[in-house]
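Raw input_22.txt, compact mmCIF, C-alpha atoms and all ligand atoms:
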```txt
# COMPACT_ATOMS: atom_id res chain seq x y z
CA MET A 1 -16.50 -23.73 -15.09
CA THR A 2 -19.38 -24.55 -12.73
CA ALA A 3 -17.99 -28.02 -12.20
CA ALA A 4 -14.53 -26.63 -11.50
CA TYR A 5 -15.86 -24.25 -8.85
CA ASN A 6 -17.99 -26.89 -7.20
CA GLN A 7 -15.17 -29.40 -7.05
CA ILE A 8 -13.14 -27.14 -4.80
CA LYS A 9 -12.86 -28.85 -1.42
CA SER A 10 -11.28 -27.36 1.65
CA PRO A 11 -8.76 -26.31 2.73
CA VAL A 12 -7.95 -23.93 -0.09
CA TRP A 13 -7.07 -20.60 1.58
CA GLU A 14 -3.52 -19.58 0.84
CA ASN A 15 -3.43 -17.32 3.91
CA LYS A 16 -5.78 -16.88 6.82
CA GLN A 17 -5.86 -13.10 6.78
CA GLU A 18 -7.85 -10.09 5.62
CA TYR A 19 -7.13 -8.53 2.22
CA PRO A 20 -7.90 -5.07 0.81
CA LEU A 21 -10.02 -4.90 -2.37
CA THR A 22 -7.91 -5.16 -5.52
CA LYS A 23 -8.43 -6.77 -8.90
CA GLU A 24 -6.28 -9.68 -7.72
CA SER A 25 -7.93 -10.14 -4.29
CA LEU A 26 -11.40 -10.08 -5.85
CA LYS A 27 -10.38 -12.85 -8.24
CA MET A 28 -8.87 -14.82 -5.35
CA LEU A 29 -12.06 -14.43 -3.27
CA LEU A 30 -14.19 -15.69 -6.16
CA GLU A 31 -11.81 -18.67 -6.41
CA LYS A 32 -12.04 -19.21 -2.63
CA ARG A 33 -8.29 -18.78 -2.25
CA ILE A 34 -8.59 -16.12 0.48
CA PRO A 35 -11.02 -15.83 3.42
CA LEU A 36 -12.25 -12.26 3.15
CA ILE A 37 -11.79 -8.71 1.92
CA ARG A 38 -12.21 -5.66 4.16
CA LEU A 39 -12.92 -2.27 2.58
CA LYS A 40 -11.79 0.07 5.34
CA GLU A 41 -13.68 3.36 5.61
CA PHE A 42 -15.96 2.59 2.67
CA ALA A 43 -18.14 5.41 4.02
CA THR A 44 -17.65 8.30 6.44
CA PRO A 45 -19.14 8.26 9.96
CA GLU A 46 -21.58 10.97 8.79
CA GLU A 47 -22.75 8.89 5.83
CA CYS A 48 -23.26 5.86 8.10
CA GLU A 49 -25.22 7.92 10.60
CA MET A 50 -27.42 9.44 7.88
CA LEU A 51 -28.28 6.04 6.42
CA TYR A 52 -28.86 4.57 9.87
CA ALA A 53 -31.13 7.52 10.80
CA GLN A 54 -33.21 6.87 7.67
CA SER A 55 -33.56 3.20 8.59
CA GLN A 56 -34.97 4.17 11.97
CA LEU A 57 -38.00 5.70 10.25
CA LEU A 58 -38.90 2.35 8.68
CA ASN A 59 -40.52 -0.90 9.73
CA PHE A 60 -38.11 -3.82 9.93
CA ASN A 61 -39.62 -7.25 9.20
CA ALA A 62 -38.34 -10.49 10.67
CA TYR A 63 -37.60 -13.41 8.32
CA GLU A 64 -40.15 -16.18 8.75
CA ASP A 65 -38.75 -19.54 9.83
CA VAL A 66 -35.39 -18.03 10.78
CA SER A 67 -34.16 -18.39 14.33
CA PRO A 68 -32.50 -16.51 16.01
CA LYS A 69 -34.49 -13.55 14.71
CA ILE A 70 -33.05 -11.53 11.80
CA GLU A 71 -34.84 -8.33 10.79
CA LYS A 72 -34.62 -6.35 7.56
CA VAL A 73 -36.04 -3.70 5.31
CA GLY A 74 -36.34 -4.86 1.68
CA ILE A 75 -37.27 -8.12 -0.04
CA THR A 76 -35.30 -11.31 -0.77
CA VAL A 77 -35.58 -14.12 -3.30
CA PHE A 78 -35.01 -16.54 -0.42
CA GLU A 79 -38.39 -15.60 1.06
CA TYR A 80 -40.26 -15.75 -2.24
CA ASN A 81 -38.80 -19.07 -3.37
CA SER A 82 -41.64 -20.96 -1.74
CA ILE A 83 -44.25 -18.33 -2.74
CA SER A 84 -43.65 -17.42 -6.39
CA LYS A 85 -41.36 -15.59 -8.75
CA GLY A 86 -44.27 -13.45 -9.94
CA ASP A 87 -44.99 -12.26 -6.39
CA TYR A 88 -41.33 -11.33 -5.83
CA PHE A 89 -41.17 -9.26 -9.02
CA LYS A 90 -44.48 -7.57 -8.15
CA GLU A 91 -42.82 -6.24 -5.00
CA VAL A 92 -39.54 -5.13 -6.63
CA GLU A 93 -40.75 -1.71 -7.75
CA LYS A 94 -42.19 -0.76 -4.37
CA ALA A 95 -39.13 -2.00 -2.46
CA SER A 96 -36.77 -0.20 -4.85
CA LYS A 97 -38.68 3.09 -4.51
CA LEU A 98 -38.40 2.90 -0.73
CA ARG A 99 -34.66 2.11 -0.95
CA ASP A 100 -34.07 4.97 -3.40
CA SER A 101 -35.87 7.44 -1.12
CA ILE A 102 -33.53 6.36 1.69
CA PHE A 103 -30.52 6.84 -0.61
CA ALA A 104 -31.78 10.27 -1.68
CA ALA A 105 -31.85 11.36 1.96
CA SER A 106 -28.41 9.89 2.75
CA PHE A 107 -26.15 8.37 0.07
CA ASN A 108 -26.07 5.40 -2.32
CA PRO A 109 -23.79 2.60 -1.04
CA LEU A 110 -24.99 0.18 -3.74
CA LYS A 111 -23.73 2.45 -6.50
CA ARG A 112 -20.47 2.94 -4.60
CA ILE A 113 -19.74 -0.77 -4.17
CA MET A 114 -20.59 -1.47 -7.82
CA MET A 115 -18.17 1.29 -8.85
CA LYS A 116 -15.44 -0.23 -6.69
CA PHE A 117 -15.97 -3.56 -8.47
CA GLN A 118 -15.80 -1.79 -11.84
CA GLU A 119 -12.51 -0.20 -10.79
CA CYS A 120 -11.27 -3.79 -10.30
CA GLY A 121 -12.16 -4.56 -13.91
CA ALA A 122 -15.44 -6.35 -13.13
CA LYS A 123 -18.47 -6.11 -15.38
CA VAL A 124 -21.34 -5.54 -12.93
CA ARG A 125 -25.10 -5.13 -13.05
CA ILE A 126 -28.25 -5.79 -11.04
CA ALA A 127 -29.55 -9.33 -11.66
CA SER A 128 -32.38 -9.47 -14.18
CA GLU A 129 -34.99 -12.07 -15.03
CA PRO A 130 -36.29 -12.63 -18.58
CA PHE A 131 -39.95 -11.40 -18.82
CA TYR A 132 -39.85 -9.94 -15.28
CA GLY A 133 -37.03 -7.38 -15.24
CA SER A 134 -34.63 -6.25 -12.53
CA TYR A 135 -34.23 -7.92 -9.18
CA TYR A 136 -34.25 -5.94 -5.95
CA ALA A 137 -30.82 -5.38 -4.33
CA GLY A 138 -29.94 -3.80 -0.98
CA LEU A 139 -31.31 -4.78 2.40
CA ILE A 140 -30.92 -2.89 5.63
CA ARG A 141 -30.46 -5.76 8.06
CA LYS A 142 -30.24 -6.27 11.81
CA ILE A 143 -28.40 -9.40 12.96
CA GLU A 144 -28.24 -8.84 16.70
CA HIS A 145 -28.86 -12.32 18.10
CA GLY A 146 -26.37 -14.12 15.88
CA THR A 147 -26.99 -16.69 13.15
CA GLN A 148 -26.67 -20.44 12.82
CA THR A 149 -23.79 -21.91 10.85
CA HIS A 150 -24.83 -21.72 7.21
CA ILE A 151 -23.89 -21.03 3.60
CA ASP A 152 -25.60 -18.84 1.01
CA PHE A 153 -25.62 -20.20 -2.52
CA ALA A 154 -28.61 -19.38 -4.74
CA PRO A 155 -28.37 -22.49 -6.97
CA LEU A 156 -29.06 -24.59 -3.88
CA GLU A 157 -31.92 -22.46 -2.62
CA GLN A 158 -33.67 -21.55 -5.86
CA SER A 159 -34.43 -23.08 -9.17
CA GLY A 160 -35.47 -21.40 -12.38
CA TRP A 161 -34.20 -17.89 -11.51
CA GLU A 162 -31.23 -16.10 -13.17
CA VAL A 163 -29.45 -16.11 -9.82
CA CYS A 164 -29.41 -19.93 -9.94
CA THR A 165 -27.04 -19.87 -12.87
CA ILE A 166 -24.17 -18.33 -10.88
CA VAL A 167 -21.00 -20.33 -10.36
CA THR A 168 -20.02 -18.81 -7.02
CA GLN A 169 -21.49 -16.33 -4.56
CA LEU A 170 -20.19 -13.51 -2.36
CA SER A 171 -21.95 -11.15 -0.01
CA TRP A 172 -21.03 -7.60 0.89
CA THR A 173 -22.00 -6.17 4.27
CA PHE A 174 -21.58 -2.49 5.10
CA TYR A 175 -21.84 -1.77 8.83
CA LEU A 176 -23.91 1.27 9.79
CA LYS A 177 -24.39 0.97 13.54
CA LEU A 178 -22.62 -1.23 16.09
CA SER A 179 -22.83 -1.20 19.86
CA ASP A 180 -19.58 -0.26 21.47
CA ASN A 181 -18.24 -3.74 22.24
CA ASN A 182 -16.26 -6.41 20.44
CA HIS A 183 -19.17 -8.79 19.92
CA GLY A 184 -21.05 -9.49 16.71
CA LYS A 185 -18.05 -10.89 14.88
CA THR A 186 -18.52 -12.86 11.66
CA TYR A 187 -16.74 -16.24 11.64
CA ILE A 188 -15.81 -17.82 8.31
CA TYR A 189 -14.49 -21.35 7.80
CA ASP A 190 -12.21 -22.75 5.14
CA ARG A 191 -14.83 -25.37 4.54
CA GLN A 192 -16.92 -25.55 1.37
CA TRP A 193 -20.43 -26.87 1.24
CA GLN A 194 -20.68 -30.30 -0.44
CA PRO A 195 -23.79 -32.36 -1.22
CA GLU A 196 -23.14 -34.78 1.68
CA ASP A 197 -23.61 -31.84 4.08
CA GLU A 198 -27.36 -31.79 3.42
CA GLN A 199 -27.77 -34.56 6.02
CA TYR A 200 -26.63 -32.00 8.63
CA LYS A 201 -29.22 -29.36 7.70
CA LEU A 202 -31.19 -28.38 10.80
CA ASP A 203 -34.01 -26.18 9.50
CA SER A 204 -34.67 -23.52 6.85
CA TYR A 205 -30.99 -22.53 6.67
CA GLY A 206 -28.82 -23.74 9.57
CA TYR A 207 -26.41 -26.69 9.65
CA SER A 208 -25.22 -28.74 12.60
CA ASP A 209 -21.73 -27.89 13.83
CA THR A 210 -20.63 -31.34 12.63
CA VAL A 211 -19.86 -29.69 9.29
CA ILE A 212 -17.20 -27.47 10.84
CA ALA A 213 -15.86 -29.90 13.43
CA ASN A 214 -12.14 -29.43 14.12
CA LYS A 215 -12.01 -26.34 11.93
CA ASP A 216 -10.62 -23.04 13.10
CA PRO A 217 -12.44 -20.05 11.55
CA ILE A 218 -11.19 -16.57 10.78
CA ALA A 219 -12.98 -13.95 12.92
CA PHE A 220 -13.97 -10.68 11.28
CA GLN A 221 -14.52 -7.77 13.68
CA PRO A 222 -16.94 -5.30 12.07
CA TYR A 223 -16.41 -1.54 12.39
CA VAL A 224 -18.83 1.20 11.37
CA GLY A 225 -18.02 2.38 7.85
CA ASP A 226 -16.21 -0.83 6.81
CA VAL A 227 -17.41 -3.41 4.28
CA LEU A 228 -16.92 -7.17 4.58
CA LEU A 229 -16.79 -9.20 1.37
CA PHE A 230 -16.54 -12.97 1.58
CA ASN A 231 -17.44 -16.10 -0.33
CA THR A 232 -20.74 -17.28 1.16
CA THR A 233 -20.24 -20.85 -0.09
CA ASN A 234 -17.86 -21.13 2.88
CA PHE A 235 -19.67 -22.10 6.08
CA HIS A 236 -20.03 -19.05 8.32
CA TYR A 237 -21.96 -17.60 11.25
CA VAL A 238 -22.44 -14.33 13.12
CA GLU A 239 -22.02 -14.28 16.89
CA PRO A 240 -24.64 -12.51 19.04
CA MET A 241 -24.08 -8.80 19.53
CA ASN A 242 -25.66 -7.90 22.88
CA GLY A 243 -26.71 -4.61 21.33
CA GLN A 244 -27.09 -2.99 17.93
CA ARG A 245 -25.72 -4.41 14.70
CA VAL A 246 -27.27 -2.74 11.66
CA ALA A 247 -25.84 -3.18 8.17
CA PHE A 248 -26.57 -2.63 4.49
CA THR A 249 -26.06 -5.76 2.39
CA SER A 250 -26.73 -7.72 -0.78
CA MET A 251 -25.70 -10.90 -2.52
CA ILE A 252 -23.20 -10.96 -5.39
CA GLY A 253 -22.89 -13.75 -7.96
CA LEU A 254 -20.44 -14.65 -10.70
CA LEU A 255 -22.10 -15.80 -13.94
CA PRO A 256 -20.47 -18.35 -16.28
CA ASN A 257 -19.81 -15.52 -18.78
CA GLY A 258 -17.78 -13.62 -16.15
CA GLU A 259 -20.42 -10.97 -15.38
CA ILE A 260 -21.08 -10.11 -11.75
CA ILE A 261 -24.68 -9.65 -10.59
CA PHE A 262 -26.14 -8.07 -7.46
CA TRP A 263 -29.47 -8.99 -5.82
CA SER A 264 -31.14 -9.59 -2.49
O1 LIG B 301 -23.61 -9.70 8.92
C1 LIG B 301 -22.59 -10.28 8.57
O2 LIG B 301 -21.47 -9.95 9.01
C2 LIG B 301 -22.62 -11.41 7.56
C3 LIG B 301 -23.96 -12.08 7.49
C4 LIG B 301 -24.08 -13.25 6.53
O3 LIG B 301 -24.38 -14.35 6.92
C5 LIG B 301 -23.86 -13.05 5.08
O4 LIG B 301 -23.55 -11.94 4.61
O5 LIG B 301 -23.99 -14.06 4.34
FE FE B 302 -24.73 -15.75 5.30
```
Please express what this file holds, its structure, as structure tokens.
Ligand SMILES: O=C(O)CCC(=O)C(=O)O
Ligand SMILES: [Fe+2]
Amino acid sequence: MTAAYNQIKSPVWENKQEYPLTKESLKMLLEKRIPLIRLKEFATPEECEMLYAQSQLLNFNAYEDVSPKIEKVGITVFEYNSISKGDYFKEVEKASKLRDSIFAASFNPLKRIMMKFQECGAKVRIASEPFYGSYYAGLIRKIEHGTQTHIDFAPLEQSGWEVCTIVTQLSWTFYLKLSDNNHGKTYIYDRQWQPEDEQYKLDSYGYSDTVIANKDPIAFQPYVGDVLLFNTTNFHYVEPMNGQRVAFTSMIGLLPNGEIIFWS
């Protein structure tokens, strides 16, 4: 199954359009047959405002070695890959307590998205590591200066963690606060990562635009309350916002046994 997923080369999208979340569209997204899913009005404006207000009471930390600057509340395996697994799992309890106190004062979007997946027939859980326990899932993240062109695929970034055994990866991003303009779009290409692309890697995560030369991406315009789901093994980038762009997000992976795991 892993081999089959990794052999998929572009272009494979059947349509260059947005889809709603259904059992069928989720399957198609995992198979990279569609560009993205939009969950319209995943949360009410009041829920978004409450969660955003909670985030304003917290300290955002910038990722090290990531330029342009991306800030977040919560921990990621990406950051601890070069430190140690033990250190990541030491921080999980503290980070989860903070997240749960934010949920208690607003609402729980992680539970809601997992329920929506279950309604599509998916078997979902938080990722878990033998001898260590649950992963952390659920960042509050500010991407206001854009990103480089990149992919997110744990098996490439990690080794020896449960999340490295996934066969394909999605992310979900729930937009809490956006400045009132049409910037900050997410661009996704019908172009899969392949091993030869490593020669175009620029730094800790970005790739040269050579990888997407002559490709025409789909542009996703975020709106407060909506969720974007896409396959992060497709090259993608976020354009600068010129203002606020605050979201709640985590990674999602498909295991060889068909289970779907969430982590950050
Ligand atoms: O903020 C977004 O719209 C997407 C960010 C991103 O690169 C991802 O979710 O993998
Ligand atoms: Fe990404």
Computed interatomic separation between atom CA of Tyr136 of chain A and atom CA of Phe78 of chain A (Å): 12.0 Å
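Here the question is which of A:Thr232, A:Gln54, A:Asn242, A:Ser250 gets nearest to ligand FE 302 (chain B) using all atoms listed in the file, and that residue is A:Thr232.
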Do you have, as a tab-separated table, the list of residues of chain A lying at most 7 Å from ligand FE 302 (chain B), each with its nearest atom pair and that distance in Å to one decimal, counting only C-alpha atoms and all ligand atoms and ordered by chain then number?
```
residue	atom	partner	partner_atom	distance
A:His150	CA	B:FE302	FE	6.3
A:Ile151	CA	B:FE302	FE	5.6
A:Asp152	CA	B:FE302	FE	5.4
A:Thr232	CA	B:FE302	FE	5.9
A:His236	CA	B:FE302	FE	6.5
A:Tyr237	CA	B:FE302	FE	6.8
```
Test item: residues lying within 10 Å of ligand LIG 301 (chain B) with all atoms listed in the file, as a ChimeraX atom specification: /A:141-144,146-153,169-175,184-188,220-222,227-239,245-251
For the atom pair atom CA of Ile166 of chain A and atom CA of Gly258 of chain A, what is the interatomic distance in Å to one decimal place? 9.5 Å
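When all atoms listed in the file are used to compute distances to Gly253 of chain A, the closest of the residues A:Ala219, A:Val66, A:Met115, A:Leu30 turns out to be A:Leu30.
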Taking only C-alpha atoms into account, name the residue in A:Pro68, A:Pro109, A:Pro240, A:Gly160 that is nearest to Asn81 of chain A. A:Gly160
Top pick for closest residue to Ala95 of chain A, considering A:Leu57, A:Leu178, A:Val124, A:Ile75 and counting only C-alpha atoms: A:Ile75
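For the pair atom CA of Lys23 of chain A and atom CA of Arg112 of chain A, the separation is 16.1 Å.
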What's around Thr210 of chain A at 12 Å? Count only C-alpha atoms, leave out sequence neighbours fewer than 5 positions away in its own chain, and write the answer as a PyMOL selection string. chain A and resi 149-150+191+196-202+215+235
Could you write out that same residue set with C-alpha atoms as a tab-separated table (two decimals), in the frame of the given file?
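Listed below is the output, selection04.tsv:
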```
chain	number	residue	atom	x	y	z
A	149	THR	CA	-23.79	-21.91	10.85
A	150	HIS	CA	-24.83	-21.72	7.21
A	191	ARG	CA	-14.83	-25.37	4.54
A	196	GLU	CA	-23.14	-34.78	1.68
A	197	ASP	CA	-23.61	-31.84	4.08
A	198	GLU	CA	-27.36	-31.79	3.42
A	199	GLN	CA	-27.77	-34.56	6.02
A	200	TYR	CA	-26.63	-32.00	8.63
A	201	LYS	CA	-29.22	-29.36	7.70
A	202	LEU	CA	-31.19	-28.38	10.80
A	215	LYS	CA	-12.01	-26.34	11.93
A	235	PHE	CA	-19.67	-22.10	6.08
```
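For the residues A:Cys164, A:Ile83, A:Ile113, A:Val92, ranking by smallest atom-to-atom distance to Gly133 of chain A using only C-alpha atoms places A:Val92 first.
Across A:Glu259, A:Gln56, A:Glu157, A:Arg33, the tightest approach to Tyr205 of chain A is made by A:Glu157 when counting all atoms listed in the file.
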